[in-house]
>>> print(open('query.tsv').read())   # TSV, C-alpha atoms
chain	number	residue	atom	x	y	z
A	273	MET	CA	0.00	0.00	0.00
A	274	ARG	CA	2.90	2.39	0.59
A	275	PRO	CA	3.71	3.14	-3.11
A	276	TYR	CA	0.03	3.92	-3.72
A	277	PHE	CA	0.02	6.25	-0.70
A	278	LEU	CA	3.15	8.01	-1.94
A	279	LEU	CA	1.62	8.45	-5.39
A	280	LEU	CA	-1.53	10.00	-3.91
A	281	SER	CA	0.58	12.27	-1.70
A	282	THR	CA	2.64	13.43	-4.67
A	283	LEU	CA	-0.47	14.14	-6.74
A	284	PHE	CA	-1.98	16.06	-3.83
A	285	ILE	CA	1.14	18.21	-3.43
A	286	PHE	CA	1.25	19.11	-7.11
A	287	SER	CA	-2.48	19.74	-7.30
A	288	CYS	CA	-2.21	22.19	-4.39
A	289	GLN	CA	0.57	24.23	-5.99
A	290	PRO	CA	-0.80	27.58	-7.16
A	291	GLU	CA	-1.02	28.24	-10.87
A	292	VAL	CA	1.19	30.98	-12.27
A	293	ASP	CA	-0.82	34.18	-12.63
A	294	VAL	CA	0.00	35.95	-15.90
A	295	GLN	CA	-1.04	39.34	-14.52
A	296	SER	CA	1.35	38.87	-11.60
A	297	ILE	CA	4.24	38.30	-14.03
A	298	VAL	CA	3.30	41.40	-16.02
A	299	ASP	CA	2.95	43.50	-12.85
A	300	GLN	CA	6.38	42.44	-11.63
A	301	ALA	CA	7.85	43.18	-15.06
A	302	TYR	CA	6.30	46.66	-14.87
A	303	GLN	CA	7.96	47.29	-11.52
A	304	ALA	CA	11.30	45.94	-12.79
A	305	HIS	CA	11.20	48.32	-15.76
A	306	GLY	CA	10.29	51.41	-13.72
A	307	LYS	CA	6.50	51.61	-13.64
A	308	THR	CA	6.21	54.57	-11.24
A	309	LEU	CA	8.40	56.81	-13.41
A	310	TRP	CA	6.74	55.60	-16.62
A	311	ASP	CA	3.26	56.33	-15.30
A	312	ASN	CA	4.29	59.94	-14.62
A	313	LEU	CA	6.16	60.48	-17.89
A	314	SER	CA	5.36	63.73	-19.72
A	315	THR	CA	8.04	63.75	-22.44
A	316	LEU	CA	10.54	61.25	-23.86
A	317	HIS	CA	13.48	61.82	-26.22
A	318	TYR	CA	15.85	59.27	-27.71
A	319	GLU	CA	17.93	58.48	-30.80
A	320	LYS	CA	17.37	55.26	-32.71
A	321	GLN	CA	19.95	53.78	-35.09
A	322	SER	CA	18.43	51.08	-37.30
A	323	LYS	CA	19.94	48.58	-39.71
A	324	VAL	CA	17.64	46.28	-41.64
A	325	TYR	CA	19.14	43.40	-43.60
A	326	ASN	CA	18.07	41.37	-46.61
A	327	ALA	CA	18.14	37.58	-46.39
A	328	ASP	CA	21.56	37.56	-48.11
A	329	GLY	CA	23.05	39.79	-45.40
A	330	SER	CA	23.15	43.00	-47.42
A	331	VAL	CA	21.95	46.20	-45.74
A	332	ARG	CA	18.55	47.38	-46.95
A	333	VAL	CA	18.00	50.26	-44.51
A	334	ASN	CA	20.46	52.25	-42.38
A	335	THR	CA	19.00	55.26	-40.57
A	336	LEU	CA	19.59	57.42	-37.51
A	337	GLN	CA	16.37	58.96	-36.19
A	338	GLU	CA	15.54	61.42	-33.42
A	339	HIS	CA	12.30	60.63	-31.58
A	340	ARG	CA	10.42	63.07	-29.34
A	341	TYR	CA	7.18	62.02	-27.63
A	342	GLY	CA	4.65	63.83	-25.48
A	343	PHE	CA	2.35	61.98	-23.05
A	344	GLY	CA	-0.29	64.58	-22.24
A	345	GLU	CA	-4.04	64.31	-22.74
A	346	GLU	CA	-3.25	63.43	-26.35
A	347	PHE	CA	-0.10	61.54	-27.31
A	348	TRP	CA	2.08	63.21	-29.94
A	349	ALA	CA	5.38	62.37	-31.62
A	350	ILE	CA	7.89	64.10	-33.87
A	351	VAL	CA	10.45	61.93	-35.68
A	352	ASN	CA	13.35	63.41	-37.69
A	353	TRP	CA	16.08	61.88	-39.84
A	354	GLU	CA	18.15	62.49	-42.98
A	355	SER	CA	18.37	60.20	-46.00
A	356	ASN	CA	20.25	60.80	-49.26
A	357	GLY	CA	20.65	64.47	-48.39
A	358	ASP	CA	16.94	65.00	-47.70
A	359	LYS	CA	15.49	65.95	-44.33
A	360	HIS	CA	12.49	63.86	-43.26
A	361	GLU	CA	10.00	64.57	-40.50
A	362	ILE	CA	6.86	62.84	-39.24
A	363	ASN	CA	4.31	64.67	-37.08
A	364	TYR	CA	2.08	62.15	-35.33
A	365	THR	CA	-0.96	62.05	-33.08
A	366	ASP	CA	-3.35	59.19	-32.38
A	367	LYS	CA	-5.61	60.68	-35.05
A	368	GLY	CA	-3.07	60.44	-37.88
A	369	ALA	CA	0.37	61.41	-39.18
A	370	GLU	CA	1.85	63.87	-41.67
A	371	LYS	CA	5.14	63.30	-43.51
A	372	PHE	CA	7.41	66.18	-44.55
A	373	VAL	CA	10.47	66.10	-46.81
A	374	ASN	CA	12.70	69.20	-46.74
A	375	GLY	CA	9.87	71.08	-45.05
A	376	GLU	CA	7.24	70.24	-47.67
A	377	ARG	CA	4.30	68.06	-46.71
A	378	VAL	CA	3.95	64.90	-48.80
A	379	MET	CA	0.34	64.97	-50.04
A	380	ASP	CA	-0.09	61.23	-50.41
A	381	GLU	CA	-2.48	59.25	-48.21
A	382	LYS	CA	-0.39	56.09	-48.49
A	383	VAL	CA	2.71	57.95	-47.29
A	384	GLY	CA	0.74	59.35	-44.34
A	385	ALA	CA	-0.61	55.90	-43.47
A	386	SER	CA	2.89	54.40	-43.65
A	387	ALA	CA	4.26	57.18	-41.44
A	388	TYR	CA	1.50	56.56	-38.92
A	389	GLU	CA	2.25	52.82	-38.75
A	390	SER	CA	6.01	53.37	-38.44
A	391	VAL	CA	5.59	55.67	-35.43
A	392	ASN	CA	3.01	53.28	-33.94
A	393	ALA	CA	5.58	50.48	-34.16
A	394	ALA	CA	8.36	52.60	-32.64
A	395	ARG	CA	6.07	53.78	-29.85
A	396	TYR	CA	5.02	50.22	-29.06
A	397	THR	CA	8.63	49.03	-28.94
A	398	VAL	CA	9.94	51.76	-26.65
A	399	SER	CA	6.88	51.28	-24.41
A	400	GLN	CA	7.53	47.57	-23.80
A	401	PRO	CA	6.38	46.05	-21.51
A	402	PHE	CA	4.08	48.86	-20.34
A	403	LYS	CA	1.63	48.49	-23.26
A	404	LEU	CA	0.57	45.02	-22.12
A	405	ASN	CA	-2.25	46.40	-19.99
A	406	ASP	CA	-3.80	48.40	-22.85
A	407	PRO	CA	-7.54	47.82	-23.35
A	408	GLY	CA	-8.37	44.73	-25.40
A	409	VAL	CA	-5.03	42.95	-25.02
A	410	VAL	CA	-5.58	39.26	-24.20
A	411	LEU	CA	-2.78	37.89	-22.02
A	412	SER	CA	-1.96	34.23	-21.39
A	413	TYR	CA	0.86	32.41	-19.64
A	414	GLU	CA	2.70	29.85	-21.78
A	415	GLY	CA	5.12	28.42	-19.23
A	416	LYS	CA	8.85	28.67	-18.72
A	417	ASP	CA	11.42	28.51	-21.50
A	418	GLU	CA	15.13	28.86	-22.09
A	419	LEU	CA	16.67	31.28	-24.57
A	420	GLU	CA	19.69	30.58	-26.78
A	421	ASP	CA	22.15	31.86	-24.16
A	422	GLY	CA	20.66	29.72	-21.39
A	423	SER	CA	18.55	32.48	-19.82
A	424	LYS	CA	15.47	31.13	-18.03
A	425	VAL	CA	12.30	33.05	-18.85
A	426	TYR	CA	8.57	33.23	-18.24
A	427	VAL	CA	6.65	33.33	-21.53
A	428	VAL	CA	3.65	35.65	-21.76
A	429	LYS	CA	1.53	35.77	-24.92
A	430	ALA	CA	-0.30	38.97	-25.90
A	431	SER	CA	-2.99	38.75	-28.57
A	432	TYR	CA	-4.31	41.77	-30.49
A	433	SER	CA	-7.44	41.92	-32.64
A	434	THR	CA	-8.82	44.56	-35.02
A	435	GLU	CA	-12.20	43.85	-33.43
A	436	ASN	CA	-10.95	46.27	-30.75
A	437	GLU	CA	-11.07	49.85	-31.98
A	438	ASN	CA	-7.63	50.65	-30.52
A	439	HIS	CA	-5.90	47.74	-32.33
A	440	SER	CA	-4.80	48.24	-35.92
A	441	LYS	CA	-3.54	44.69	-36.56
A	442	ASN	CA	-4.31	41.06	-35.73
A	443	ASP	CA	-0.94	40.30	-34.17
A	444	GLU	CA	0.33	37.79	-31.64
A	445	TRP	CA	3.28	38.70	-29.42
A	446	TRP	CA	5.33	36.58	-27.04
A	447	TYR	CA	7.27	38.27	-24.23
A	448	TYR	CA	10.17	36.49	-22.54
A	449	PHE	CA	10.73	37.77	-18.99
A	450	ASP	CA	13.79	36.83	-16.95
A	451	VAL	CA	12.66	34.57	-14.07
A	452	GLU	CA	15.05	36.33	-11.68
A	453	ASN	CA	14.65	40.05	-12.38
A	454	TYR	CA	11.61	40.17	-14.74
A	455	ARG	CA	13.40	42.18	-17.41
A	456	CYS	CA	12.13	41.60	-20.94
A	457	LEU	CA	14.96	39.67	-22.58
A	458	ALA	CA	13.22	39.02	-25.90
A	459	THR	CA	9.98	39.23	-27.85
A	460	MET	CA	8.53	37.36	-30.82
A	461	VAL	CA	5.74	38.62	-33.07
A	462	HIS	CA	3.50	36.78	-35.52
A	463	HIS	CA	2.17	39.14	-38.16
A	464	GLY	CA	0.39	37.71	-41.20
A	465	THR	CA	2.42	34.69	-42.26
A	466	THR	CA	5.78	35.76	-40.81
A	467	TYR	CA	7.48	35.57	-37.43
A	468	SER	CA	10.14	37.93	-36.09
A	469	TYR	CA	12.21	37.32	-32.98
A	470	ILE	CA	13.97	40.19	-31.21
A	471	ARG	CA	16.65	39.82	-28.52
A	472	ASN	CA	17.11	42.69	-26.08
A	473	LEU	CA	20.85	42.39	-25.52
A	474	GLU	CA	21.64	45.53	-23.50
A	475	PHE	CA	19.59	47.98	-21.48
A	476	ASP	CA	19.78	51.67	-20.50
A	477	ASP	CA	18.52	52.51	-17.01
A	478	SER	CA	20.09	55.98	-16.74
A	479	THR	CA	16.66	57.62	-16.47
A	480	GLY	CA	15.34	55.22	-13.84
A	481	ILE	CA	13.23	53.51	-16.52
A	482	VAL	CA	14.71	50.37	-18.07
A	483	PHE	CA	14.80	51.03	-21.82
A	484	ASN	CA	16.37	48.93	-24.55
A	485	TYR	CA	19.86	49.94	-25.67
A	486	HIS	CA	20.98	47.21	-28.09
A	487	ARG	CA	18.59	44.85	-29.90
A	488	LYS	CA	18.94	42.28	-32.68
A	489	GLY	CA	16.07	40.94	-34.77
A	490	TYR	CA	15.78	37.64	-36.62
A	491	ALA	CA	13.39	36.10	-39.09
A	492	VAL	CA	12.23	32.85	-37.49
A	493	ASP	CA	9.68	30.10	-37.95
A	494	SER	CA	6.78	29.42	-35.58
A	495	ALA	CA	9.05	27.32	-33.35
A	496	ARG	CA	11.51	30.26	-33.00
A	497	ASN	CA	14.17	28.60	-35.15
A	498	ILE	CA	16.34	31.37	-36.61
A	499	LEU	CA	16.26	31.69	-40.39
A	500	TYR	CA	18.45	34.76	-40.83
A	501	HIS	CA	19.62	37.96	-39.10
A	502	GLN	CA	17.00	40.58	-39.95
A	503	SER	CA	17.83	43.80	-38.08
A	504	GLU	CA	19.90	45.56	-35.43
A	505	TYR	CA	19.04	48.60	-33.32
A	506	PHE	CA	20.80	50.94	-30.92
A	507	TYR	CA	18.84	53.37	-28.72
A	508	ARG	CA	20.81	56.27	-27.25
A	509	LYS	CA	20.53	59.64	-25.49
A	510	TYR	CA	17.38	58.92	-23.51
A	511	MET	CA	15.92	61.98	-21.80
A	512	VAL	CA	12.66	62.04	-19.82
A	513	GLN	CA	10.57	64.55	-17.93
>>> encode(input="query.tsv", output="C-alpha cells")
Amino acid sequence: MRPYFLLLSTLFIFSCQPEVDVQSIVDQAYQAHGKTLWDNLSTLHYEKQSKVYNADGSVRVNTLQEHRYGFGEEFWAIVNWESNGDKHEINYTDKGAEKFVNGERVMDEKVGASAYESVNAARYTVSQPFKLNDPGVVLSYEGKDELEDGSKVYVVKASYSTENENHSKNDEWWYYFDVENYRCLATMVHHGTTYSYIRNLEFDDSTGIVFNYHRKGYAVDSARNILYHQSEYFYRKYMVQ
C-alpha cells in the first residue's frame, strides 16, 4: 500500500501548488522596468539607429532617427532623420500622421498611413512592456522557456485583434521575462504569415526607466528557429521629464 500512498501524496502536493498568474508576471515586469516613473512620464526623447538586412546579409536600410514624444491628454510624436541628403519629419498624433520632406508636406495618403504605422511600431517598442495592460489585449501564460544563451524566462503571450477599436492589426506577441529580475529579454511577433524574434541584448537605465539599448532581430519560424539575421538597433541619449 505504501507506493500507492506516496503516489496520492505526490499528486496532492502538485495539485495544491498555485497556478502561475499571468497578470502577476506582467505586474512584476512593470515594476522591474520602472513603472512609477513611466506612469508619470510627460516627455521622452531618444535616438534610434536602425539597420535592416536582406536575407543575403546585405543592408537594406540604415538610418539614424531622433524621436520626441509627449504623453499629455493626447499623445504626440515628432520623428526626424536624414536620407540621401533629404530631411524627413513625421508629425504624429493618435488621429493620424503627416510626412514632410525638406519642409514640404507629402500629399499622399499612403505615405501618411505608412508614417503613422512606423511611429506606432516605434512607440510600441519603446513602451515595452508597459503596453501590455492596454484595453483589449488578451494575455496568457505559456510556461517557462530557455533562450539561446541559457537564460530562463517566463513566456507571456499577448494577442491583439482589429475587433478592438484601438488595435490596428491582428498580431500575436510573445514576451520572454527573466525569471530572476523580470526584465524583458526578448519578444517574438506573428504578423500575417511571418514571425520575427527580437533579442534585447543591453539595457539603458540611466533615467530610472529600463529602456532597450541594443537589440537584434531575426526572421524565425513558428518554433523560434532562426532563419536569418534581420535587423539591429541601438537606442541612445534617452531623456525624460
>>> residues_around(input="query.tsv", residues="range 442-458 of chain A", least_positions_apart="5", cutoff="9 Å", atoms="all atoms listed in the file", output="PyMOL selection string")
chain A and resi 297-298+300-305+400-401+414+416-417+419+423-435+463-464+469-474+482+487
>>> write_last_selection(input="query.tsv", atoms="C-alpha atoms", output="short mmCIF file (atom, residue, chain, number, x, y, z; two decimals), keeping the file's coordinate frame")
data_model
loop_
_atom_site.label_atom_id
_atom_site.label_comp_id
_atom_site.auth_asym_id
_atom_site.auth_seq_id
_atom_site.Cartn_x
_atom_site.Cartn_y
_atom_site.Cartn_z
CA ILE A 297 4.24 38.30 -14.03
CA VAL A 298 3.30 41.40 -16.02
CA GLN A 300 6.38 42.44 -11.63
CA ALA A 301 7.85 43.18 -15.06
CA TYR A 302 6.30 46.66 -14.87
CA GLN A 303 7.96 47.29 -11.52
CA ALA A 304 11.30 45.94 -12.79
CA HIS A 305 11.20 48.32 -15.76
CA GLN A 400 7.53 47.57 -23.80
CA PRO A 401 6.38 46.05 -21.51
CA GLU A 414 2.70 29.85 -21.78
CA LYS A 416 8.85 28.67 -18.72
CA ASP A 417 11.42 28.51 -21.50
CA LEU A 419 16.67 31.28 -24.57
CA SER A 423 18.55 32.48 -19.82
CA LYS A 424 15.47 31.13 -18.03
CA VAL A 425 12.30 33.05 -18.85
CA TYR A 426 8.57 33.23 -18.24
CA VAL A 427 6.65 33.33 -21.53
CA VAL A 428 3.65 35.65 -21.76
CA LYS A 429 1.53 35.77 -24.92
CA ALA A 430 -0.30 38.97 -25.90
CA SER A 431 -2.99 38.75 -28.57
CA TYR A 432 -4.31 41.77 -30.49
CA SER A 433 -7.44 41.92 -32.64
CA THR A 434 -8.82 44.56 -35.02
CA GLU A 435 -12.20 43.85 -33.43
CA HIS A 463 2.17 39.14 -38.16
CA GLY A 464 0.39 37.71 -41.20
CA TYR A 469 12.21 37.32 -32.98
CA ILE A 470 13.97 40.19 -31.21
CA ARG A 471 16.65 39.82 -28.52
CA ASN A 472 17.11 42.69 -26.08
CA LEU A 473 20.85 42.39 -25.52
CA GLU A 474 21.64 45.53 -23.50
CA VAL A 482 14.71 50.37 -18.07
CA ARG A 487 18.59 44.85 -29.90
#
>>> atom_distance(input="query.tsv", atom1="CA of Leu411 in chain A", atom2="CA of Gly306 in chain A")
20.6 Å
>>> residues_around(input="query.tsv", residues="range 318-320 of chain A", least_positions_apart="2", cutoff="12 Å", atoms="only C-alpha atoms", output="PyMOL selection string")
chain A and resi 315-316+322-323+334-341+349-353+394-395+397-398+476+479+483-487+504-512
>>> atom_distance(input="query.tsv", atom1="CA of Asn374 in chain A", atom2="CA of Val333 in chain A")
19.8 Å
>>> closest_residue(input="query.tsv", among="A:Val294, A:Ala327, A:Val391, A:Asp299", to="Ser503 in chain A", atoms="only C-alpha atoms")
A:Ala327
>>> closest_residue(input="query.tsv", among="A:Val492, A:Val409, A:Ala385, A:Val378", to="Asp366 in chain A", atoms="only C-alpha atoms")
A:Ala385
>>> atom_distance(input="query.tsv", atom1="CA of Lys307 in chain A", atom2="CA of Ser478 in chain A")
14.6 Å
>>> closest_residue(input="query.tsv", among="A:Val324, A:Leu313, A:Ala369, A:Asp493", to="Gly342 in chain A", atoms="all atoms listed in the file")
A:Leu313
>>> residues_around(input="query.tsv", residues="Ser468 in chain A", least_positions_apart="5", cutoff="8 Å", atoms="only C-alpha atoms", output="compact mmCIF listing (two decimals) with C-alpha atoms, keeping the file's coordinate frame")
# COMPACT_ATOMS: atom_id res chain seq x y z
CA MET A 460 8.53 37.36 -30.82
CA VAL A 461 5.74 38.62 -33.07
CA HIS A 462 3.50 36.78 -35.52
CA GLY A 489 16.07 40.94 -34.77
CA TYR A 490 15.78 37.64 -36.62
CA ALA A 491 13.39 36.10 -39.09
CA VAL A 492 12.23 32.85 -37.49
>>> closest_residue(input="query.tsv", among="A:Val383, A:Asp477, A:Asn392, A:Thr459", to="Arg496 in chain A", atoms="only C-alpha atoms")
A:Thr459
>>> residues_around(input="query.tsv", residues="Glu376 in chain A", least_positions_apart="4", cutoff="12 Å", atoms="all atoms listed in the file", output="ChimeraX atom specification")
/A:358-362,370-372,380
>>> build_atoms(input="query.tsv", residues="range 304-315 of chain A", atoms="all heavy atoms", output="PDB file, keeping the file's coordinate frame")
ATOM      1  N   ALA A 304       9.880  46.111 -12.447  1.00  0.00           N
ATOM      2  CA  ALA A 304      11.300  45.940 -12.790  1.00  0.00           C
ATOM      3  C   ALA A 304      11.759  46.944 -13.834  1.00  0.00           C
ATOM      4  O   ALA A 304      12.932  47.334 -13.872  1.00  0.00           O
ATOM      5  CB  ALA A 304      11.546  44.513 -13.282  1.00  0.00           C
ATOM      6  N   HIS A 305      10.840  47.377 -14.690  1.00  0.00           N
ATOM      7  CA  HIS A 305      11.200  48.320 -15.760  1.00  0.00           C
ATOM      8  C   HIS A 305      10.963  49.778 -15.372  1.00  0.00           C
ATOM      9  O   HIS A 305      11.251  50.668 -16.167  1.00  0.00           O
ATOM     10  CB  HIS A 305      10.417  47.982 -17.034  1.00  0.00           C
ATOM     11  CG  HIS A 305      10.954  46.803 -17.773  1.00  0.00           C
ATOM     12  ND1 HIS A 305      11.716  46.905 -18.925  1.00  0.00           N
ATOM     13  CD2 HIS A 305      10.869  45.470 -17.527  1.00  0.00           C
ATOM     14  CE1 HIS A 305      12.047  45.714 -19.357  1.00  0.00           C
ATOM     15  NE2 HIS A 305      11.543  44.816 -18.524  1.00  0.00           N
ATOM     16  N   GLY A 306      10.440  50.034 -14.171  1.00  0.00           N
ATOM     17  CA  GLY A 306      10.290  51.410 -13.720  1.00  0.00           C
ATOM     18  C   GLY A 306       8.895  51.975 -13.878  1.00  0.00           C
ATOM     19  O   GLY A 306       8.721  53.098 -14.368  1.00  0.00           O
ATOM     20  N   LYS A 307       7.905  51.241 -13.430  1.00  0.00           N
ATOM     21  CA  LYS A 307       6.500  51.610 -13.640  1.00  0.00           C
ATOM     22  C   LYS A 307       6.153  52.985 -13.087  1.00  0.00           C
ATOM     23  O   LYS A 307       5.470  53.772 -13.749  1.00  0.00           O
ATOM     24  CB  LYS A 307       5.583  50.562 -13.011  1.00  0.00           C
ATOM     25  CG  LYS A 307       4.092  50.859 -13.182  1.00  0.00           C
ATOM     26  CD  LYS A 307       3.233  49.808 -12.515  1.00  0.00           C
ATOM     27  CE  LYS A 307       1.741  50.036 -12.808  1.00  0.00           C
ATOM     28  NZ  LYS A 307       1.260  51.328 -12.305  1.00  0.00           N
ATOM     29  N   THR A 308       6.596  53.297 -11.869  1.00  0.00           N
ATOM     30  CA  THR A 308       6.210  54.570 -11.240  1.00  0.00           C
ATOM     31  C   THR A 308       6.660  55.754 -12.089  1.00  0.00           C
ATOM     32  O   THR A 308       5.890  56.705 -12.327  1.00  0.00           O
ATOM     33  CB  THR A 308       6.795  54.670  -9.831  1.00  0.00           C
ATOM     34  OG1 THR A 308       6.318  53.573  -9.044  1.00  0.00           O
ATOM     35  CG2 THR A 308       6.382  55.976  -9.169  1.00  0.00           C
ATOM     36  N   LEU A 309       7.899  55.724 -12.568  1.00  0.00           N
ATOM     37  CA  LEU A 309       8.400  56.810 -13.410  1.00  0.00           C
ATOM     38  C   LEU A 309       7.682  56.837 -14.760  1.00  0.00           C
ATOM     39  O   LEU A 309       7.343  57.905 -15.279  1.00  0.00           O
ATOM     40  CB  LEU A 309       9.908  56.665 -13.614  1.00  0.00           C
ATOM     41  CG  LEU A 309      10.777  56.943 -12.381  1.00  0.00           C
ATOM     42  CD1 LEU A 309      12.229  56.595 -12.665  1.00  0.00           C
ATOM     43  CD2 LEU A 309      10.653  58.404 -11.962  1.00  0.00           C
ATOM     44  N   TRP A 310       7.431  55.660 -15.327  1.00  0.00           N
ATOM     45  CA  TRP A 310       6.740  55.600 -16.620  1.00  0.00           C
ATOM     46  C   TRP A 310       5.331  56.182 -16.529  1.00  0.00           C
ATOM     47  O   TRP A 310       4.898  56.927 -17.403  1.00  0.00           O
ATOM     48  CB  TRP A 310       6.683  54.158 -17.124  1.00  0.00           C
ATOM     49  CG  TRP A 310       5.942  54.032 -18.430  1.00  0.00           C
ATOM     50  CD1 TRP A 310       4.621  53.744 -18.590  1.00  0.00           C
ATOM     51  CD2 TRP A 310       6.470  54.237 -19.737  1.00  0.00           C
ATOM     52  NE1 TRP A 310       4.286  53.734 -19.930  1.00  0.00           N
ATOM     53  CE2 TRP A 310       5.398  54.040 -20.653  1.00  0.00           C
ATOM     54  CE3 TRP A 310       7.732  54.555 -20.228  1.00  0.00           C
ATOM     55  CZ2 TRP A 310       5.576  54.158 -22.026  1.00  0.00           C
ATOM     56  CZ3 TRP A 310       7.900  54.672 -21.606  1.00  0.00           C
ATOM     57  CH2 TRP A 310       6.834  54.473 -22.485  1.00  0.00           C
ATOM     58  N   ASP A 311       4.633  55.863 -15.467  1.00  0.00           N
ATOM     59  CA  ASP A 311       3.260  56.330 -15.300  1.00  0.00           C
ATOM     60  C   ASP A 311       3.181  57.853 -15.183  1.00  0.00           C
ATOM     61  O   ASP A 311       2.118  58.440 -15.431  1.00  0.00           O
ATOM     62  CB  ASP A 311       2.618  55.692 -14.075  1.00  0.00           C
ATOM     63  CG  ASP A 311       2.264  54.232 -14.299  1.00  0.00           C
ATOM     64  OD1 ASP A 311       2.277  53.792 -15.456  1.00  0.00           O
ATOM     65  OD2 ASP A 311       1.986  53.530 -13.302  1.00  0.00           O
ATOM     66  N   ASN A 312       4.273  58.485 -14.780  1.00  0.00           N
ATOM     67  CA  ASN A 312       4.290  59.940 -14.620  1.00  0.00           C
ATOM     68  C   ASN A 312       5.094  60.637 -15.710  1.00  0.00           C
ATOM     69  O   ASN A 312       5.434  61.823 -15.576  1.00  0.00           O
ATOM     70  CB  ASN A 312       4.868  60.292 -13.238  1.00  0.00           C
ATOM     71  CG  ASN A 312       3.950  59.861 -12.110  1.00  0.00           C
ATOM     72  OD1 ASN A 312       2.928  60.482 -11.857  1.00  0.00           O
ATOM     73  ND2 ASN A 312       4.300  58.767 -11.444  1.00  0.00           N
ATOM     74  N   LEU A 313       5.361  59.928 -16.795  1.00  0.00           N
ATOM     75  CA  LEU A 313       6.160  60.480 -17.890  1.00  0.00           C
ATOM     76  C   LEU A 313       5.367  61.544 -18.645  1.00  0.00           C
ATOM     77  O   LEU A 313       4.198  61.358 -18.979  1.00  0.00           O
ATOM     78  CB  LEU A 313       6.542  59.344 -18.840  1.00  0.00           C
ATOM     79  CG  LEU A 313       7.714  59.534 -19.780  1.00  0.00           C
ATOM     80  CD1 LEU A 313       8.993  59.801 -19.008  1.00  0.00           C
ATOM     81  CD2 LEU A 313       7.875  58.295 -20.661  1.00  0.00           C
ATOM     82  N   SER A 314       6.006  62.690 -18.910  1.00  0.00           N
ATOM     83  CA  SER A 314       5.360  63.730 -19.720  1.00  0.00           C
ATOM     84  C   SER A 314       6.026  63.866 -21.086  1.00  0.00           C
ATOM     85  O   SER A 314       5.337  64.101 -22.085  1.00  0.00           O
ATOM     86  CB  SER A 314       5.379  65.074 -18.994  1.00  0.00           C
ATOM     87  OG  SER A 314       6.710  65.468 -18.678  1.00  0.00           O
ATOM     88  N   THR A 315       7.350  63.708 -21.154  1.00  0.00           N
ATOM     89  CA  THR A 315       8.040  63.750 -22.440  1.00  0.00           C
ATOM     90  C   THR A 315       9.146  62.695 -22.462  1.00  0.00           C
ATOM     91  O   THR A 315       9.697  62.325 -21.418  1.00  0.00           O
ATOM     92  CB  THR A 315       8.677  65.125 -22.730  1.00  0.00           C
ATOM     93  OG1 THR A 315       9.674  65.416 -21.732  1.00  0.00           O
ATOM     94  CG2 THR A 315       7.622  66.221 -22.765  1.00  0.00           C
TER      95      THR A 315
END
